[in-house]
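Note sheet for the following structure.
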Amino acid sequence: MTVEARAVWDLSPGIELIVGGTEWRIETCRPHLGRVTLIGDEGASWQVSLSELIHRPDCRLSTRTRKDLPAASRGRQPKAMEDLEPDQRRHVMRRLDHIREVETGYRSGDPLTALPHEPRPQYDPETTTLTQRRLAKEAELRRAATEEPERAKALALHRVSLRTLMRWDMARRKYGPVGLADDRWLREATGHRISPEVREALFAVREETLHRSKLSAKDRERLIHQYVRETFGPEVKVPCYDTLRAVWQEWFGSAGARQRYALSAARAQQHATGKHVVVHRPGQVVALDSTVLPVKVLEDVFGDPVSVHLTLALDVYTRSIVAFRLSLVSDASIDVAMVLRDVMMPLPMRPDWGEEMEWAYPGVPGTVVADFAGHEVAGLPFFAPEAVTTDHGAVYRNHHLVDVQRVIGANIKPSRVLRPTDKQTVERAFGAIQSLLFAILPGYQGVDTADRGVDPEADACLTVAEMEHLIATWIVKIWQNRRFGSHAPSWDPNGDHSPNSLFAASMAQGGFALHIPSAELYYQLLPTHRVMIHGKRGVKVKNLWYDGKALDPYRGELSRRGGRAKSRYVFHRDPRDPCFLFFQDPRTHDWHTLRWTGLPKERQVPAFSDARVREAMREMRRRGLAPKSDSEMLPTLLELIGGNIPVEQWPTQLTKKQRTEHAREVAQAAAAATDRPATAETELAPRAVVPEPGSSADGKVVKLRWQERARQGQDAVNHERRRRREAATSERPTAPPALDERLRASSLMALADEDFDDAAFNAEEETCQ
């Protein structure tokens, strides 16, 4: 019978049993009745029969109270020779030699490897019994302890008796050579004994040092002594410096980190849950991050080399780049909202893409997806994200993103401080794209200034539109079909998988929800403004007035909304294009577009931003002007945009920063026009025309872009002046006579015309007389 089989029947009081993963302690056992009473941790009593315990496969003895285990193995993993120090191993082997000689008469335990003097007469198994050999070994060890007491004490053999030899022999047969080891050598590691007073002082000093500058271990020791002395009195003993330093490192970790990072890590530890999220399906977690594109590109207005920001959305499970955007200068919350909208919408095919880049995931035909989307769909996953992980940038931490996560039904959470595993997938994706694509493009800036080329700005040859098209093509054609290296799924680590194949496998396992959001999602993701409706002028948002026929039923009428914005209406506005405001009818829930009242009927106004409007208001206040309507503000706005500057003077009159601002306004207006659903009310929007990829190689198209923007501003000024002249008079004024006609009418030397009638002239003279 094995040890485990014998241990099952040890049902003495005090023995602990593990039944179904729960600890129970035996209180009483009545074998004649076949009943056992068990007590749980919370004091609950359980009476069970012996037969039920015998037939339960999840019933076992706890290792903390088993009597057949040595003390060094109770409540812990069994002891082994590897747990002993080198000197302790040599002591065990010497004890083993003595036990073998007692049992067999040979130190090695085998007559074939006997020493020349073996077996000795007192240990010869042919002439002595086992008890006689044990008594002879006891006498030998006692003589050795008398002759060499220091050596015998070092080997722990000076107190060996007959019972000790018997116990060693049984332990060696049961557990092997490690059974001869003293359990005191492997005593339980309880750590340092810290009193409650010192423990309180340690935590108090820990809280204090987090707010102070970095202190050394000696400084912390003095603070601990000061806290104990002033709080509990000088009679309380404090451990030495080495103990305090070891305990501090064991409880709070190493003190080698920078103070700002140690403070942020301590704050993060307070909110740590200890739970890990296992990502097992697409869309469960989407990592979102922005970085500066390491390649200089040409902006589409003046052709200057600029740096753009790349915002990337990566599905953590499949490693698919489900959406990206390029924003000039820096991104804003509206750009992040549109990236999340792109994650939920299928990517349309582009004219130069082949059939190999179309939707080809098994389970859902491409024609079905195309029918729902209204256009041919490229081979890129799309879904509604469940959780979005971001960094701690201001663009991700604002009220607008809170409304966005409510609309799309996702949970947008920033990554934990000093927890790189929360966002490591998108960071590695940035590095992979840089090494696979960006590093080989002209205008690449390198990883730092020391690795930068002579003039990367002069090497830039791709415009923003061309770079966006290149990245989109590379993602669909290369990245989505790239073989995984160390990111293979756990259920097939040696398989040949790519982001597309892993998404197809997920569709086969859990299905695919073909849900394409409607066009109204664009309006719902825009920032909101809660204002009153003026009876005549309409709605004022960000210093601009908007009006339209959709406001007629609600002019002079308060909204029925309550709460903080009581009696106000909700309007949505795209900060990239202030020309329009969007209003949802409270009764029909239809969306309407309100035009800026200063926007002329002709499509002649260049794109502008909110910053340009604020600048125009400051300029008008400086000039002492008080416009009665936004139409009177339009000339000042156009003057600031640069519409009345001659075309030939633009490159010299504007600085690089100003040219970048103009280019950003054009790019933002183009992005807003692309995202905005096409309606009859927005047909007159000042859309910025984006050149086709490859059309600006010689710079001619770029030159035409800023010439067109200047000419557009000049035409807008002329139209505005003509409108004012026409509004000043009720009828069209007659043109003045020519100069030659006025001279001939008043000159006395003027000759008569050939068809002059003398008779009529003479009759008129007589009448006058």
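FYI, nothing fancy with the structure tokens labels: chains A, B, ... in order, residues from 1 per chain, ligands from 1 as they appear.
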
Practice task
Write out as an NGL selection string each polymer residue whose atoms come within 12 Å of region 561-564 of chain A, counting only C-alpha atoms; drop sequence neighbours fewer than 6 positions from it.
Solution key: :A and (530-532 or 570 or 586)

Write out, as a short mmCIF file (atom, residue, chain, number, x, y, z; two decimals), in the first residue's frame, the residues just selected, with N, CA, C and O atoms.
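And here's part_5.cif as it stands now:
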data_model
loop_
_atom_site.label_atom_id
_atom_site.label_comp_id
_atom_site.auth_asym_id
_atom_site.auth_seq_id
_atom_site.Cartn_x
_atom_site.Cartn_y
_atom_site.Cartn_z
N ARG A 530 -24.71 73.43 -26.86
CA ARG A 530 -26.07 73.64 -26.34
C ARG A 530 -26.31 75.14 -26.21
O ARG A 530 -25.77 75.79 -25.30
N VAL A 531 -27.10 75.69 -27.11
CA VAL A 531 -27.34 77.13 -27.18
C VAL A 531 -28.83 77.39 -27.42
O VAL A 531 -29.60 76.48 -27.73
N MET A 532 -29.19 78.65 -27.29
CA MET A 532 -30.56 79.09 -27.54
C MET A 532 -30.70 79.49 -29.02
O MET A 532 -29.72 79.84 -29.68
N VAL A 570 -29.56 71.31 -28.87
CA VAL A 570 -28.26 70.67 -29.10
C VAL A 570 -27.93 70.78 -30.58
O VAL A 570 -28.74 70.41 -31.44
N PRO A 586 -36.12 67.95 -33.22
CA PRO A 586 -36.61 67.25 -32.03
C PRO A 586 -37.85 66.40 -32.29
O PRO A 586 -38.11 65.45 -31.54
#

Handout entry: 10 Å contact set for Ser213 (chain A), only C-alpha atoms, chain neighbours under 6 positions out, as a PyMOL selection string
Key = chain A and resi 258-260

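Interatomic distance, CA of Leu293 (chain A) against CA of Ser307 (chain A): 6.6 Å.
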
Completion exercise
Using only C-alpha atoms, the best pick from A:Tyr522, A:Phe503, A:Phe203, A:Trp24 as closest to Ala360 (chain A) would be A:Phe503

Exercise for the section: Please identify which residues in region 128-313 of chain A DSSP calls helix (DSSP H, G or I) from the backbone, and express them as a ChimeraX atom specification. Expected result: /A:130-147,149-154,162-175,177-180,183-186,196-211,217-232,241-252,259-270

Dump C-alpha atoms for the selected residues as a compact mmCIF listing (two decimals), in the first residue's frame?
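Writing the result to part-v6.txt gives the following:
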# COMPACT_ATOMS: atom_id res chain seq x y z
CA LEU A 130 21.57 -5.59 12.26
CA THR A 131 21.12 -4.56 15.90
CA GLN A 132 24.76 -5.45 16.69
CA ARG A 133 25.96 -3.35 13.74
CA ARG A 134 23.85 -0.41 14.85
CA LEU A 135 25.27 -0.65 18.41
CA ALA A 136 28.79 -0.83 16.96
CA LYS A 137 28.14 2.27 14.85
CA GLU A 138 26.82 4.13 17.89
CA ALA A 139 29.96 3.29 19.84
CA GLU A 140 32.18 4.32 16.93
CA LEU A 141 30.51 7.69 16.55
CA ARG A 142 30.72 8.33 20.32
CA ARG A 143 34.47 7.60 20.27
CA ALA A 144 34.92 9.95 17.30
CA ALA A 145 33.02 12.66 19.15
CA THR A 146 35.36 12.21 22.13
CA GLU A 147 38.55 12.28 20.07
CA PRO A 149 34.69 16.99 19.28
CA GLU A 150 34.85 19.97 16.87
CA ARG A 151 34.68 17.78 13.78
CA ALA A 152 31.90 15.61 15.22
CA LYS A 153 29.89 18.68 16.17
CA ALA A 154 30.34 20.16 12.69
CA LEU A 162 20.49 3.75 18.33
CA ARG A 163 17.09 5.36 17.82
CA THR A 164 18.68 8.01 15.59
CA LEU A 165 20.18 5.33 13.35
CA MET A 166 16.84 3.54 13.16
CA ARG A 167 15.01 6.78 12.29
CA TRP A 168 17.61 7.63 9.60
CA ASP A 169 17.29 4.17 8.08
CA MET A 170 13.48 4.46 7.86
CA ALA A 171 13.66 7.99 6.39
CA ARG A 172 16.24 6.88 3.81
CA ARG A 173 14.04 3.98 2.69
CA LYS A 174 10.99 6.27 2.50
CA TYR A 175 12.32 9.50 0.99
CA PRO A 177 19.00 10.33 0.67
CA VAL A 178 17.19 13.59 1.45
CA GLY A 179 15.45 11.79 4.32
CA LEU A 180 18.75 11.94 6.22
CA ASP A 183 14.44 19.27 9.00
CA ARG A 184 15.92 22.29 10.76
CA TRP A 185 18.09 22.85 7.69
CA LEU A 186 14.93 23.38 5.61
CA PRO A 196 3.51 45.99 14.58
CA GLU A 197 5.11 49.26 15.64
CA VAL A 198 7.96 48.94 13.15
CA ARG A 199 5.54 47.85 10.44
CA GLU A 200 3.48 50.99 10.96
CA ALA A 201 6.63 53.07 10.82
CA LEU A 202 7.70 51.44 7.55
CA PHE A 203 4.41 52.23 5.81
CA ALA A 204 4.35 55.76 7.23
CA VAL A 205 7.86 56.46 5.93
CA ARG A 206 6.89 54.90 2.60
CA GLU A 207 4.00 57.35 2.17
CA GLU A 208 6.20 60.25 3.22
CA THR A 209 9.08 59.42 0.87
CA LEU A 210 6.75 59.19 -2.12
CA HIS A 211 6.05 62.94 -1.83
CA ALA A 217 18.39 53.83 2.65
CA LYS A 218 20.23 55.53 5.51
CA ASP A 219 17.86 58.49 5.34
CA ARG A 220 14.86 56.16 5.46
CA GLU A 221 16.37 54.37 8.46
CA ARG A 222 16.63 57.64 10.41
CA LEU A 223 13.02 58.49 9.56
CA ILE A 224 11.87 55.06 10.79
CA HIS A 225 13.75 55.53 14.08
CA GLN A 226 12.26 59.01 14.46
CA TYR A 227 8.70 57.76 13.84
CA VAL A 228 9.02 54.88 16.34
CA ARG A 229 10.67 57.06 18.99
CA GLU A 230 8.13 59.88 18.77
CA THR A 231 5.06 57.67 18.33
CA PHE A 232 5.68 54.63 20.53
CA TYR A 241 19.99 48.80 9.06
CA ASP A 242 20.51 45.58 7.07
CA THR A 243 17.17 44.15 8.23
CA LEU A 244 15.28 47.34 7.46
CA ARG A 245 16.89 47.55 4.03
CA ALA A 246 16.03 43.91 3.24
CA VAL A 247 12.44 44.31 4.45
CA TRP A 248 12.02 47.54 2.46
CA GLN A 249 13.21 45.83 -0.72
CA GLU A 250 10.98 42.81 -0.04
CA TRP A 251 7.85 44.86 0.60
CA PHE A 252 8.23 47.86 -1.70
CA GLN A 259 11.30 59.43 -8.03
CA ARG A 260 8.64 60.52 -10.54
CA TYR A 261 8.33 56.98 -11.89
CA ALA A 262 8.23 55.47 -8.40
CA LEU A 263 5.36 57.81 -7.49
CA SER A 264 3.35 56.98 -10.63
CA ALA A 265 3.95 53.25 -10.10
CA ALA A 266 2.71 53.49 -6.52
CA ARG A 267 -0.44 55.27 -7.64
CA ALA A 268 -1.04 52.65 -10.30
CA GLN A 269 -0.58 49.89 -7.73
CA GLN A 270 -3.38 51.36 -5.61

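Nearest to Gly283 (chain A) of all the residues A:Leu340, A:Ala255, A:Ala384, A:Leu441 is A:Ala384, based on only C-alpha atoms.
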
Exercise for the section: Pick out the residues sitting within 10 Å of Glu52 (chain A), and hand them over as a PyMOL selection string; count only C-alpha atoms, and ignore anything fewer than 5 positions along from it in its own chain. Expected result: chain A and resi 34-35+57+59

Problem - Residues near Met349 (chain A), cut-off 7 Å, only C-alpha atoms, skip fewer than 3 positions along chain, as a PyMOL selection string - result: chain A and resi 353+376-378

Problem - Selection: 12 Å around region 536-551 of chain A, only C-alpha atoms, excl. self and same-chain fewer than 6 positions, as a PyMOL selection string - result: chain A and resi 527-530+557-558+568-575+578-599+609-618+627-634+637+681

Need the shell around region 512-514 of chain A: protein/DNA/RNA residues with any atom at most 8 Å away, counting only C-alpha atoms. Skip same-chain ones fewer than 4 positions apart. Format as a PDB file with C-alpha atoms, in the first residue's frame?
ATOM      1  CA  VAL A 364     -19.447  36.276 -45.971  1.00  0.00           C
ATOM      2  CA  VAL A 369     -20.772  43.212 -48.077  1.00  0.00           C
ATOM      3  CA  PHE A 383     -16.210  45.753 -36.668  1.00  0.00           C
ATOM      4  CA  MET A 507     -15.175  34.277 -38.449  1.00  0.00           C
TER       5      MET A 507
END

Practice task
Go through A:Gln88, A:Trp46, A:Ala323, A:His117 one by one, measure the shortest atom-to-atom distance of each to Glu468 (chain A) using only C-alpha atoms, and give the residue with the smallest value.
Solution key: A:Ala323

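Per DSSP on the backbone, strand (DSSP E) in region 30-134 of chain A comprises A:Arg30, A:Arg35, A:Val36, A:Thr37, A:Leu38, A:Ile39, A:Ser45, A:Trp46, A:Gln47, A:Val48, A:Ser49, A:Cys59, A:Arg60, A:Leu61.
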
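For region 336-339 of chain A, the residues within 7 Å (counting only C-alpha atoms, excluding itself and residues fewer than 6 positions away along the chain) are Ala323, Phe324, Arg325, Val404 and Leu525 of chain A.
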
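Nearest to Arg452 (chain A) of all the residues A:Glu619, A:Pro234, A:Leu310, A:Pro294 is A:Pro294, based on only C-alpha atoms.
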
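If you measure from each of A:Met93, A:Ala678, A:Ala735, A:Val402 to Leu526 (chain A) using only C-alpha atoms, the closest one turns out to be A:Val402.
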
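Across the structure, CA of Arg555 (chain A) and CA of Gly535 (chain A) are spaced 4.8 Å apart.
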
Handout entry: Between CA of Leu328 (chain A) and CA of Val308 (chain A) - distance in Å to one decimal
Key = 4.7 Å

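Taking only C-alpha atoms into account, Thr660 (chain A) lies nearest to A:Leu298 out of the set A:Gln284, A:Pro125, A:Thr22, A:Leu298.
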